[in-house]
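Student: Sharing a structure with you now.
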Amino acid sequence: MPSSSDKIKTPASTKGTGDLAPPSGRPTPEDIKVPGNQLIWQIIKELPREHVLLFGVLLIFFLLSIAMLAAGAIKDRTEFFYISYGSLVLCALSIFFIVHQSRVTIGTPLSPTGGANSNPQPNPVSQVTQIALSSLGESAHQGSFESETRITLGIDAAGFGWTLCFIGEDQSDMLQALCSDLKRERSTTGDGKRFASGFSYWGIVPTLAWATASSDPRYVMMKQSHDQFAKRWGKLHKERSHNYHYVSLGVGTGKKDQIILSDLRKDFSNHAETNKRMFYFPVDMSPEMLRLGVKSIAALDLVKLSRLLPLQIDFANEQNIAELREMLDKFVGNEPILFSLLGNTLANFEDDGELLQRLSRLLRGGDKLLLEVASTETINDATVKLAAQEYAGSKRFCKFVTSSLLQYTDLPVNEEWVQYHADAEESKAIRLTMFYENKSPDIRSFRLPDSLSVNFTAGDTVRLYISRKYTAAGIQGLIGAAGMEIQHRDRKPFSPTSGGFGIDLLLLNKMKG
């Protein structure tokens with residue numbers, strides 16, 4: 001969902017870290033309930049081929065000596081002793097060599113760049129194999145393997161319904177920014193007091209209200225977006241499948257991410273050397289939205305929990321964008337990433353063009369940005385009026401846009417005071433502003449989380465939400481100004497009676513040169 005900055009600024013924000021202490025004990029094969037025969041077969045499959053071949057030859061040699069003795073080919077038992085027991089000793093040494101070498105391989109940390117000049121990367125080894133090999137000699141190899149496997153297995157095998165989350169924002173600073181915005185000067189048009197874009201989703205009350213609104217059949221734009229997404233994404237993905245890691249900018253309810261991850265997972269499964277290595281980074285400034293969106297994805301096991309890394313940051317902040325890119329480089333190197341900004345999230349920002357320019361700095365080489373925006377074929381008095389009526393027709397959407405008032409002020413909410421204003425943003429888009437207006441003749445004061453009171457005079461407004469419906473030329477202009485180009489576009493109106501409104505799904509890449 002959107003971030004906190006309406007007029008996007010670049011403050012020096014305070015950063016946090018996602019510290020994770022290793023669990024007190026290492027999970028065992030019994031914790032995962034893998035049968036012994038499957039465990040052995042899993043180990044054999046994932047060990048280096050030459051090691052397995054060595055052990056196999058020695059084992060065959062031992063079995064052959066027994067067969068020769070039984071057949072009478074070996075008459076001297078002393079000769080049999082040297083042959084058979086010598087084979088056993090060599091088998092034991094080969095097992096030790098296999099386990100030792102495999103543990104060293106597993107324990108070798110991934111190259112931070114992953115490029116052609118980096119150190120060779122280890123073969124991916126499954127959780128079951130790591131547990132089995134580590135249990136064969138706890139003290140045989142300490143160091144990076146020890147800590148890495150404890151953390152990875154502790155996350156993957158926890159089974160608590162928990163997810164790891166990196167907290168990148170100081171919540172007290174965000175609360176102060178919210179309070180400052182609600183102390184702005186009086187305005188009758190929603191240009192004074194306001195909830196900046198991301199704060200419309202910040203907190204448990206707005207999060208739950210959004211989950212309800214997004215499933216409302218009368219919230220036409222969102223309903224059509226969900227109904228059409230699987231088919232439209234499937235067509236795009238079929239034409240351009242690749243081994244992408246996935247970064248979701250504004251995770252929402254997670255339903256669209258489920259569809260995308262399901263296909264990206266299949267892409268990885270078709271390439272043995274990269275199997276089980278896909279990372280998923282859901283990004284949002286609201287911890288509650290992250291939890292809502294990620295919970296269902298974690299339950300479906302679409303990606304290993306140790307590779308599902310939610311990031312709580314304001315992705316409109318320029319410094320956060322730079323640090324996000326640096327973090328991604330350390331995790332995936334120069335492997336391609338699919339970024340997404342879905343659900344018309346771009347339209348919720350005051351300066352949508354500047355946001356798109358900043359997001360373009362995330363893209364490298366083969367990276368792509370999947371962008372979804374609400375669209376209009378024309379801008380005239382009729383479509384402007386119709387756009388406002390579309391949003392006003394959803395009671396659940398009304399409860400969502402007023403939910404921030406309930407969470408952060410003590411104002412009683414009167415739905416008749418919610419105004420839906422639409423106007424033409426030149427030829428770029430129809431802009432919609434939802435604001436709360438004091439329609440009484442009295443001064444209504446409200447209290448903020450910092451305990452200060454604010455006078456809410458007659459005719460004064462609090463901006464709750466903004467959105468847009470873009471023309472084809474309007475969104476094209478934003479994309480070009482951001483230094484990106486459209487690689488794929490799917491543009492369809494909802495229906496012949498929809499007034500020409502629809503949803504565009506675009507796949508973008510960075511301009512060459």
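Chain identifiers are assigned as A, B, and so on, following the order in which chains appear in the structure tokens; residues are numbered from 1 within each chain, and ligands are numbered from 1 in order of appearance.
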Each residue of stretch 258-352 of chain A lying at most 9 Å from stretch 458-477 of chain A should get a row with its shortest atom-to-atom pair and the distance in Å to one decimal, counting only C-alpha atoms; could you produce that, ordered by chain and increasing number, as CSV?
Tutor:
residue,atom,partner,partner_atom,distance
A:Asn344,CA,A:Ser467,CA,7.9
A:Thr345,CA,A:Ser467,CA,8.3
A:Leu346,CA,A:Ser467,CA,8.4
A:Ala347,CA,A:Ser467,CA,4.8
A:Asn348,CA,A:Ser467,CA,4.8
A:Phe349,CA,A:Ile466,CA,7.2
A:Glu350,CA,A:Ile466,CA,7.7
Student: Quick one: residues within 10 Å of stretch 281-291 of chain A, only C-alpha atoms, excluding same-chain residues fewer than 6 positions away - as a PyMOL selection string?
Tutor: chain A and resi 1-4+162-163+165-169+171+174+198-208+210-211+245-254+257+307-316+324+328+339-340
Student: Only C-alpha atoms, please: the residues just picked out, written as an mmCIF file, in the first residue's frame.
Tutor:
data_model
loop_
_atom_site.group_PDB
_atom_site.id
_atom_site.type_symbol
_atom_site.label_atom_id
_atom_site.label_comp_id
_atom_site.auth_asym_id
_atom_site.auth_seq_id
_atom_site.Cartn_x
_atom_site.Cartn_y
_atom_site.Cartn_z
ATOM 1 C CA MET A 1 0.000 0.000 0.000
ATOM 2 C CA PRO A 2 1.091 3.589 -0.337
ATOM 3 C CA SER A 3 3.758 5.222 1.638
ATOM 4 C CA SER A 4 3.696 8.128 4.073
ATOM 5 C CA TRP A 162 5.264 -16.396 12.490
ATOM 6 C CA THR A 163 7.140 -14.443 9.828
ATOM 7 C CA CYS A 165 10.085 -8.810 9.422
ATOM 8 C CA PHE A 166 12.719 -6.110 8.962
ATOM 9 C CA ILE A 167 11.597 -2.868 10.638
ATOM 10 C CA GLY A 168 13.097 0.097 8.821
ATOM 11 C CA GLU A 169 11.076 3.003 10.192
ATOM 12 C CA GLN A 171 7.226 4.418 14.454
ATOM 13 C CA MET A 174 5.869 8.434 11.746
ATOM 14 C CA GLY A 198 0.432 5.697 3.546
ATOM 15 C CA PHE A 199 -1.340 6.696 6.748
ATOM 16 C CA SER A 200 -4.669 5.738 5.176
ATOM 17 C CA TYR A 201 -3.520 2.126 5.754
ATOM 18 C CA TRP A 202 -1.396 2.585 8.883
ATOM 19 C CA GLY A 203 -2.795 0.836 11.940
ATOM 20 C CA ILE A 204 -5.020 -2.141 12.638
ATOM 21 C CA VAL A 205 -8.335 -0.284 12.123
ATOM 22 C CA PRO A 206 -7.483 0.981 8.589
ATOM 23 C CA THR A 207 -5.964 -2.393 7.704
ATOM 24 C CA LEU A 208 -9.090 -4.342 8.598
ATOM 25 C CA TRP A 210 -9.219 -2.019 3.733
ATOM 26 C CA ALA A 211 -9.509 -5.807 3.707
ATOM 27 C CA HIS A 245 12.953 -12.849 -7.403
ATOM 28 C CA TYR A 246 9.912 -10.832 -6.373
ATOM 29 C CA VAL A 247 9.573 -7.463 -4.594
ATOM 30 C CA SER A 248 5.982 -6.375 -3.913
ATOM 31 C CA LEU A 249 5.719 -2.630 -3.247
ATOM 32 C CA GLY A 250 2.499 -2.370 -1.260
ATOM 33 C CA VAL A 251 1.443 -5.935 -0.524
ATOM 34 C CA GLY A 252 -2.276 -5.242 0.044
ATOM 35 C CA THR A 253 -4.301 -8.337 0.874
ATOM 36 C CA GLY A 254 -1.668 -10.578 -0.756
ATOM 37 C CA ASP A 257 1.055 -11.798 -4.879
ATOM 38 C CA ARG A 307 13.283 -16.459 1.954
ATOM 39 C CA LEU A 308 10.097 -14.534 2.739
ATOM 40 C CA LEU A 309 11.465 -11.267 4.085
ATOM 41 C CA PRO A 310 8.883 -8.522 4.774
ATOM 42 C CA LEU A 311 10.348 -5.014 4.834
ATOM 43 C CA GLN A 312 8.578 -2.284 6.796
ATOM 44 C CA ILE A 313 9.711 0.909 5.072
ATOM 45 C CA ASP A 314 8.240 3.970 3.384
ATOM 46 C CA PHE A 315 9.174 3.224 -0.231
ATOM 47 C CA ALA A 316 8.483 6.813 -1.330
ATOM 48 C CA LEU A 324 16.414 -1.171 -0.366
ATOM 49 C CA LEU A 328 18.576 -6.549 -2.531
ATOM 50 C CA PHE A 339 9.052 -5.426 -8.807
ATOM 51 C CA SER A 340 5.332 -4.719 -8.612
#
Student: Once you count only C-alpha atoms, what closest atom pair and distance in Å to one decimal does each residue of stretch 171-273 of chain A within 9 Å of stretch 444-451 of chain A have, with rows by chain and rising residue number, as CSV?
Tutor:
residue,atom,partner,partner_atom,distance
A:Leu175,CA,A:Pro449,CA,8.0
A:Gln176,CA,A:Asp450,CA,7.9
A:Cys179,CA,A:Leu448,CA,6.6
A:Leu182,CA,A:Leu448,CA,8.2
Student: Save the residues we just selected, C-alpha atoms, as a short mmCIF file (atom, residue, chain, number, x, y, z; two decimals), in the first residue's frame?
Tutor:
data_model
loop_
_atom_site.label_atom_id
_atom_site.label_comp_id
_atom_site.auth_asym_id
_atom_site.auth_seq_id
_atom_site.Cartn_x
_atom_site.Cartn_y
_atom_site.Cartn_z
CA LEU A 175 3.30 9.25 14.41
CA GLN A 176 4.77 12.72 14.80
CA CYS A 179 0.05 14.57 13.91
CA LEU A 182 -3.51 16.99 11.05
#
Student: Grab the atom CA of A:Leu292 to atom CA of A:Leu305 distance for me, in Å with one decimal place.
Tutor: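 About the pair atom CA of A:Leu292 and atom CA of A:Leu305: they are 15.6 Å apart.
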Student: Please provide as a PDB file with C-alpha atoms, in the first residue's frame all residues within 10 Å of stretch 486-489 of chain A, with the sequence filter that same-chain residues fewer than 2 positions apart are discarded (counting only C-alpha atoms).
Tutor:
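What landed in result_17.pdb:
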ATOM      1  CA  ARG A 232      -4.050 -10.872 -17.516  1.00  0.00           C
ATOM      2  CA  LEU A 236       1.978 -11.674 -19.627  1.00  0.00           C
ATOM      3  CA  GLU A 239       5.123 -14.714 -22.943  1.00  0.00           C
ATOM      4  CA  ARG A 240       8.006 -13.657 -20.698  1.00  0.00           C
ATOM      5  CA  LYS A 368      11.075  -5.410 -14.505  1.00  0.00           C
ATOM      6  CA  LEU A 369       8.336  -3.328 -12.868  1.00  0.00           C
ATOM      7  CA  LEU A 370       4.762  -4.619 -13.045  1.00  0.00           C
ATOM      8  CA  LEU A 371       2.492  -1.574 -12.781  1.00  0.00           C
ATOM      9  CA  GLU A 372      -1.298  -1.607 -12.441  1.00  0.00           C
ATOM     10  CA  GLN A 476       2.791   7.073 -20.909  1.00  0.00           C
ATOM     11  CA  ILE A 479       6.626   6.368 -17.470  1.00  0.00           C
ATOM     12  CA  GLY A 480       8.785   8.157 -20.043  1.00  0.00           C
ATOM     13  CA  MET A 484      11.300   3.653 -18.274  1.00  0.00           C
ATOM     14  CA  ARG A 491      -5.607  -2.095 -21.533  1.00  0.00           C
ATOM     15  CA  LYS A 492      -9.310  -2.941 -21.412  1.00  0.00           C
ATOM     16  CA  ASP A 504      -4.131  -1.088 -17.254  1.00  0.00           C
ATOM     17  CA  LEU A 505      -1.534  -3.754 -16.498  1.00  0.00           C
ATOM     18  CA  LEU A 506       1.902  -2.719 -17.731  1.00  0.00           C
ATOM     19  CA  LEU A 507       5.300  -4.396 -17.663  1.00  0.00           C
ATOM     20  CA  LEU A 508       8.080  -1.807 -17.607  1.00  0.00           C
ATOM     21  CA  ASN A 509      11.821  -1.903 -17.961  1.00  0.00           C
ATOM     22  CA  LYS A 510      14.493   0.747 -17.788  1.00  0.00           C
ATOM     23  CA  MET A 511      15.269   2.648 -20.973  1.00  0.00           C
TER      24      MET A 511
END
Student: What is the distance, in Å and to one decimal place, between atom CA of A:Arg325 and atom CA of A:His242?
Tutor: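 Going from atom CA of A:Arg325 over to atom CA of A:His242, I get 20.2 Å.
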Student: What parts of stretch 323-355 of chain A does DSSP call strand (DSSP E)? I'd like the answer as a list in words.
Tutor: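 The residues of stretch 323-355 of chain A classed as strand (DSSP E) are Ile337, Leu338, Phe339, Ser340 and Leu341 of chain A.
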Student: Nearest residue to A:Pro441 out of A:Tyr219, A:Phe456, A:Ile155, A:Ile259, using only C-alpha atoms?
Tutor: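 Smallest distance to A:Pro441 is found for A:Phe456.
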Student: Write down as a PyMOL selection string the residues belonging to stretch 235-392 of chain A that are assigned alpha helix (DSSP H) by DSSP computed on the backbone.
Tutor: chain A and resi 235-239+255-269+287-300+318-332+352-360+381-392
Student: Measure the distance from atom CA of A:Lys231 to atom CA of A:Ser214 in Å and round it to one decimal.
Tutor: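 Computed distance, atom CA of A:Lys231 to atom CA of A:Ser214, equals 18.8 Å.
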Student: For A:Glu416, list every protein, DNA or RNA residue within 12 Å, evaluated using only C-alpha atoms, and leave out those in the same chain fewer than 3 positions away; present the list as a PyMOL selection string.
Tutor: chain A and resi 392+395+398-399+402+412-413+419-420+435-440
